[in-house]
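Here's the structure we're looking at; comments come further down.
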Amino acid sequence: MRITKRAATVALLTAATVALTGCSAAGTSTDSADAADCAPAEGKVDLTFTSWIPGIEDVVAVWNEANPDIQVAVQTGPNGNGGTYANFFNQLEAGNAPDLGQIEYDALPNFRVQDGLVNLASCAGVMEAKDDFVDWTWGQVSFNEDDAVYAIPQDSGPMAMFYRADLFAANNIAIPTTWEEYATAAEQVRATGAYITNFSQGDINQFAGLVWQAGGTWFGNDGDNWNVDLTGDESIKVADFWQDLIDRDLVSTVPAWTTEWDNAYNTGAAWTWNSAAWGANSIASGAPDTAGKWAVAESPQWEAGDAASGNWGGSSTAVFTGSEHPYEAAQFALWLNSSSESLTMLNEAANLYPAAKAGLELPVLKEGVEFYGNQPIYDVFAKASSEVSADFVWGPTMTQTYNDVSDGFKAAVSGDGTLADALTTGQSATIDALKAQSIPVAE
Amino acid sequence: MSALTETPTVARPSKRLKNTPTPKVAKESPLSRVGAMTVMLVFTLYFLIPIWWLFIAGTKSSAQFTSTNPLWFADFNLFANIGNLVAYRDGVFLKWMLNSALYAGAGALLATLFAGMAGYALAKYRFPGRELLFNIVLGGVLVPATALALPLFLIFSQVSLTNTFWAVFLPSLVSPFGVYLTRIFASASVPDELIEAARLDGAGEVRTFFTVSVKLMFPALVTVFLFQFVAIWNNFFLPLIMLRDETLFPVTLGLYAWNSQVNQIPELRGYVLIGALLSIIPLIILFLLLQRFWRNGLGAGSVK
């Protein structure tokens, strides 16, 4: 008797599962808009746009005001890795993705390999816009393929060095211009009891930016296969450099974006931060007691006289497969990311640092910044922006790569293994992950 | 928040209680008393310190937040902080609190009603397939709501209900644990004789349920309401998957979204903290108001 009941229960559950699977299978058969027919629609068009940037609805309201025929509705959620990317994939699966979505550069390849993005190359005005954007950002959205644009670049994060000008001066320590000098300065700073910087264990993105600056790349795609190269010479050089500073207790290792971390900067326990343009506001609000004492210089170089910069963060506006109006969506995305009106608003509302060349010349980015002793700091970032290599490519499984490398970094920081070991582990884990998703890998 | 969500696991009424005789009060040695008290004190602190920290953090200005003792007051800015939070982005936080109240209040009320009726029917009526139904419901207790979120999203997508109030509200109406609890409770505390008597007096089944049985089951219903309210209030994953429109967010999702933007807009950290503090107040009030009922309720089953 009991067995029969159980069997019946199992049967019911199985039926439910089958029904669910059926649903999801049906959901995948969405018609993908072919790039070739990117033509204007007749009549009024309504678009949906998912973005997590605070205040973006005010920018969109300006567009809606001026374009009664192309109305855009903003939807929101947590930031990309906080859940919105997962939602995009679910929605693509269910066939109800928004027309446009905000996607960071490092997540774009993932959407590309899943066929989630519309190639906008044939939409009017898109290819012509190439020269309006900083070269390397265009490489990020076209994957350096010919006749392909999978998103419009929005913002970028060229890196430079924030430093405590007052403390360096008071202690007669020279501002480092090379990484070698940086290591020397680290010893001098440590002698005063402070740390030159904090190597945050979880921020793989920052580390990637440093590898980017050193001329390394982590991924490559020859059209057929993906190459994974987390353990290239440049990556190992950067890893060894920081491992040495960690081993000699010359950098602190608290997790970033915590109170502890803010506190280190607020109390002068950490003197520099190699970060992106958007980091300016992180320090200003995390370390309010140090107003006026900071300055920004170009990142230290590997060879004296070089001019190379890394990038940390940045995102783009993409049009999703299934959108019925790629033409209108592309027009909106171009306006959003290259009109000075929009870029000014985005910078004021969310500290976005534009990817459009014209955006770098915005009046608001030319002014002196009070927190940084009235230094016009964005001039430094504008220069850095032009020095970012266009060759750096992200892989299609970055979330997994970040997790694996981050685990290794955390272990290394607590004395278990090294940063280079973490990269080696990340390398093999990434290759496994690609294979598991049937993405071709060259070995 | 977490401290509150832990509590439901304590309440696990079962038939077993009914048969255990009240333990004789034995003389306790002072030492074991002190030991027990110490353990309890440690656990109390463990649960209360985060809330204390949250309260302290909520009273500080953002500058003092990083530079002063995390467990003691600096300047008292609580009301200024609340003012800023409520003013931020046209009061969207208040909208989220209202949404949460609506999802959790109305959702828990209806869920309690449905669970109560189902549990009562399963306990008091004999019909074919009764045990099977009950076992399926029991199976439902074991399936975490999180695991169902994605299938629900795909189903709701088919009927174009994602990103609507209903996408979060409808799934909240289901409480397998409520059915389980009310069934146990109904069979223990609603005597068949009483139902018979009501029938003889000419009351219909529905009327019997609402006028006689509900009163006897009240403590169990309060418990179900409370658990369901807390579960919906703290539910996060389902709204995360279903909702795009900020004005539909419950407070948990709204605060999470803000928290995920702290890198870009660091002042959000302060809003998240004060918002988290405010968002647990309704739960605390509800617990204080209703604890009398549900503690009685859990005890009532044991003395019969």
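We name chains A, B, ... following the order of the structure tokens; residues begin at 1 in each chain, and ligands are numbered from 1 as shown.
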Got a sec to pull out which chain B residues are within 9 Å of chain A, counting only C-alpha atoms, and send them as a ChimeraX atom specification?
/B:62-63,65-67,89,131-132,135-136,139,150-155,157-158,160,240-246,253-254,256-267
Would you kindly return, as a PDB file with C-alpha atoms, in the first residue's frame, each protein, DNA or RNA residue with an atom no farther than 7 Å from any atom of A:Thr137, considering only C-alpha atoms and excluding same-chain residues fewer than 4 positions away?
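Saved result, out_8.pdb, follows:
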ATOM      1  CA  PHE A 133      34.220  56.146 -29.223  1.00  0.00           C
ATOM      2  CA  VAL A 141      31.768  45.589 -28.170  1.00  0.00           C
ATOM      3  CA  PRO A 153      29.924  51.428 -25.387  1.00  0.00           C
ATOM      4  CA  ALA A 355      33.361  55.849 -23.484  1.00  0.00           C
TER       5      ALA A 355
END
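Between atom CA of B:Leu221 and atom CA of B:Leu113 there is a distance of 8.0 Å.
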Residues near B:Ile285, cut-off 12 Å, only C-alpha atoms, skip fewer than 5 positions along chain, as a PyMOL selection string:
chain B and resi 4+226+230+278-280+290-291
Which polymer residues have any atom within 8 Å of an atom of stretch 190-202 of chain B, counting only C-alpha atoms, with same-chain residues fewer than 6 positions away left out, as a PDB file with all heavy atoms, in the first residue's frame?
ATOM      1  N   LYS B 124     -10.595  16.530   8.985  1.00  0.00           N
ATOM      2  CA  LYS B 124     -11.961  16.217   9.447  1.00  0.00           C
ATOM      3  C   LYS B 124     -12.835  15.483   8.430  1.00  0.00           C
ATOM      4  O   LYS B 124     -13.895  15.008   8.791  1.00  0.00           O
ATOM      5  CB  LYS B 124     -12.639  17.531   9.869  1.00  0.00           C
ATOM      6  CG  LYS B 124     -12.048  18.131  11.138  1.00  0.00           C
ATOM      7  CD  LYS B 124     -12.273  17.189  12.319  1.00  0.00           C
ATOM      8  CE  LYS B 124     -11.291  17.517  13.457  1.00  0.00           C
ATOM      9  NZ  LYS B 124     -11.266  16.422  14.451  1.00  0.00           N
ATOM     10  N   THR B 208     -20.010  25.962   9.835  1.00  0.00           N
ATOM     11  CA  THR B 208     -19.353  25.269  10.945  1.00  0.00           C
ATOM     12  C   THR B 208     -17.883  25.645  10.997  1.00  0.00           C
ATOM     13  O   THR B 208     -17.322  25.939  12.050  1.00  0.00           O
ATOM     14  CB  THR B 208     -19.456  23.739  10.766  1.00  0.00           C
ATOM     15  OG1 THR B 208     -20.793  23.423  10.474  1.00  0.00           O
ATOM     16  CG2 THR B 208     -18.990  23.018  12.010  1.00  0.00           C
ATOM     17  N   VAL B 212     -17.273  27.780  14.237  1.00  0.00           N
ATOM     18  CA  VAL B 212     -16.832  26.900  15.318  1.00  0.00           C
ATOM     19  C   VAL B 212     -15.351  26.578  15.205  1.00  0.00           C
ATOM     20  O   VAL B 212     -14.557  26.881  16.104  1.00  0.00           O
ATOM     21  CB  VAL B 212     -17.656  25.586  15.315  1.00  0.00           C
ATOM     22  CG1 VAL B 212     -17.183  24.666  16.424  1.00  0.00           C
ATOM     23  CG2 VAL B 212     -19.127  25.896  15.432  1.00  0.00           C
ATOM     24  N   SER B 213     -14.982  26.009  14.084  1.00  0.00           N
ATOM     25  CA  SER B 213     -13.632  25.446  13.969  1.00  0.00           C
ATOM     26  C   SER B 213     -12.554  26.518  13.978  1.00  0.00           C
ATOM     27  O   SER B 213     -11.504  26.359  14.602  1.00  0.00           O
ATOM     28  CB  SER B 213     -13.530  24.611  12.702  1.00  0.00           C
ATOM     29  OG  SER B 213     -14.630  23.738  12.644  1.00  0.00           O
ATOM     30  N   LEU B 216     -11.477  27.462  17.353  1.00  0.00           N
ATOM     31  CA  LEU B 216     -10.649  26.466  18.037  1.00  0.00           C
ATOM     32  C   LEU B 216      -9.255  26.405  17.423  1.00  0.00           C
ATOM     33  O   LEU B 216      -8.282  26.104  18.102  1.00  0.00           O
ATOM     34  CB  LEU B 216     -11.319  25.096  17.941  1.00  0.00           C
ATOM     35  CG  LEU B 216     -12.618  25.002  18.736  1.00  0.00           C
ATOM     36  CD1 LEU B 216     -13.399  23.759  18.350  1.00  0.00           C
ATOM     37  CD2 LEU B 216     -12.332  25.019  20.227  1.00  0.00           C
ATOM     38  N   MET B 217      -9.183  26.678  16.127  1.00  0.00           N
ATOM     39  CA  MET B 217      -7.887  26.586  15.449  1.00  0.00           C
ATOM     40  C   MET B 217      -7.117  27.904  15.490  1.00  0.00           C
ATOM     41  O   MET B 217      -6.031  28.015  14.909  1.00  0.00           O
ATOM     42  CB  MET B 217      -8.092  26.189  13.977  1.00  0.00           C
ATOM     43  CG  MET B 217      -8.540  24.751  13.792  1.00  0.00           C
ATOM     44  SD  MET B 217      -9.181  24.512  12.119  1.00  0.00           S
ATOM     45  CE  MET B 217      -7.698  24.747  11.160  1.00  0.00           C
TER      46      MET B 217
END
Quick one: of B:Ala106, B:Leu78, B:Val42, B:Ala231, who's nearest to B:Ala57, counting only C-alpha atoms?
B:Leu78
Could you tell me, as a count of residues only, which residues of stretch 50-223 of chain A DSSP assigns to helix (DSSP H, G or I) when given the backbone?
77
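Our summary of the geometry notes that atom CA of A:Ser339 is positioned 20.8 Å from atom CA of A:Lys383.
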Suppose you want the space between atom CA of B:Ile284 and atom CA of B:Val251; what is it in Å?
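Interatomic distance, atom CA of B:Ile284 to atom CA of B:Val251: 15.6 Å.
Minimum atom-to-atom distance to B:Leu148, evaluated using only C-alpha atoms, belongs to B:Leu238 out of B:Ala74, B:Leu248, B:Val168, B:Leu238.
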Write out as a ChimeraX atom specification which residues come within 9 Å of A:Ala214 when counting only C-alpha atoms, dropping same-chain ones fewer than 3 positions away.
/A:209-211,234-235,237-238,301-302,308-310
For the residues selected in the previous step, produce a file with all heavy atoms as a short mmCIF file (atom, residue, chain, number, x, y, z; two decimals), in the first residue's frame.
data_model
loop_
_atom_site.label_atom_id
_atom_site.label_comp_id
_atom_site.auth_asym_id
_atom_site.auth_seq_id
_atom_site.Cartn_x
_atom_site.Cartn_y
_atom_site.Cartn_z
N GLY A 209 42.85 44.57 -14.52
CA GLY A 209 43.23 45.88 -15.04
C GLY A 209 44.74 46.06 -15.04
O GLY A 209 45.32 46.63 -15.96
N LEU A 210 45.38 45.55 -13.98
CA LEU A 210 46.84 45.67 -13.89
C LEU A 210 47.53 44.79 -14.93
O LEU A 210 48.54 45.17 -15.52
CB LEU A 210 47.30 45.31 -12.47
CG LEU A 210 46.79 46.26 -11.37
CD1 LEU A 210 47.07 45.70 -9.99
CD2 LEU A 210 47.40 47.64 -11.53
N VAL A 211 46.96 43.60 -15.18
CA VAL A 211 47.50 42.72 -16.22
C VAL A 211 47.32 43.37 -17.59
O VAL A 211 48.20 43.36 -18.44
CB VAL A 211 46.80 41.35 -16.19
CG1 VAL A 211 47.20 40.51 -17.39
CG2 VAL A 211 47.14 40.61 -14.90
N GLU A 234 52.94 38.12 -18.70
CA GLU A 234 52.57 39.39 -18.07
C GLU A 234 51.76 39.16 -16.80
O GLU A 234 51.96 39.82 -15.79
CB GLU A 234 51.77 40.27 -19.04
CG GLU A 234 52.58 40.75 -20.23
CD GLU A 234 52.60 39.74 -21.37
OE1 GLU A 234 51.98 38.66 -21.22
OE2 GLU A 234 53.23 40.03 -22.41
N SER A 235 50.82 38.20 -16.87
CA SER A 235 49.99 37.92 -15.70
C SER A 235 50.85 37.47 -14.54
O SER A 235 50.66 37.89 -13.40
CB SER A 235 48.96 36.84 -16.02
OG SER A 235 48.19 37.21 -17.12
N LYS A 237 54.01 38.07 -14.13
CA LYS A 237 54.84 39.19 -13.67
C LYS A 237 54.07 40.03 -12.65
O LYS A 237 54.58 40.37 -11.58
CB LYS A 237 55.25 40.04 -14.87
CG LYS A 237 56.06 41.28 -14.52
CD LYS A 237 56.67 41.94 -15.77
CE LYS A 237 55.61 42.68 -16.58
NZ LYS A 237 56.20 43.42 -17.73
N VAL A 238 52.81 40.36 -12.99
CA VAL A 238 51.99 41.17 -12.09
C VAL A 238 51.72 40.41 -10.79
O VAL A 238 51.83 40.96 -9.69
CB VAL A 238 50.66 41.57 -12.78
CG1 VAL A 238 49.77 42.33 -11.82
CG2 VAL A 238 50.94 42.41 -14.01
N GLN A 301 54.50 52.67 -14.26
CA GLN A 301 54.73 51.89 -15.48
C GLN A 301 55.71 50.75 -15.22
O GLN A 301 56.47 50.79 -14.26
CB GLN A 301 55.31 52.81 -16.56
CG GLN A 301 54.42 53.98 -16.92
CD GLN A 301 53.15 53.52 -17.63
OE1 GLN A 301 53.19 52.64 -18.48
NE2 GLN A 301 52.01 54.11 -17.27
N TRP A 302 55.69 49.77 -16.10
CA TRP A 302 56.65 48.67 -15.93
C TRP A 302 58.04 49.08 -16.41
O TRP A 302 59.04 48.65 -15.85
CB TRP A 302 56.16 47.42 -16.66
CG TRP A 302 55.05 46.79 -15.88
CD1 TRP A 302 53.72 46.87 -16.14
CD2 TRP A 302 55.17 46.04 -14.67
NE1 TRP A 302 52.99 46.23 -15.18
CE2 TRP A 302 53.85 45.68 -14.26
CE3 TRP A 302 56.24 45.63 -13.88
CZ2 TRP A 302 53.60 44.95 -13.10
CZ3 TRP A 302 55.98 44.88 -12.73
CH2 TRP A 302 54.67 44.55 -12.34
N ALA A 308 51.30 53.22 -20.61
CA ALA A 308 50.26 52.20 -20.76
C ALA A 308 49.31 52.30 -19.59
O ALA A 308 49.72 52.57 -18.46
CB ALA A 308 50.89 50.81 -20.81
N SER A 309 48.03 52.10 -19.87
CA SER A 309 47.06 52.13 -18.79
C SER A 309 46.20 50.89 -18.84
O SER A 309 46.04 50.27 -19.89
CB SER A 309 46.16 53.36 -18.91
OG SER A 309 46.90 54.52 -18.66
N GLY A 310 45.66 50.55 -17.70
CA GLY A 310 44.71 49.45 -17.63
C GLY A 310 43.31 50.00 -17.54
O GLY A 310 43.11 51.22 -17.49
#
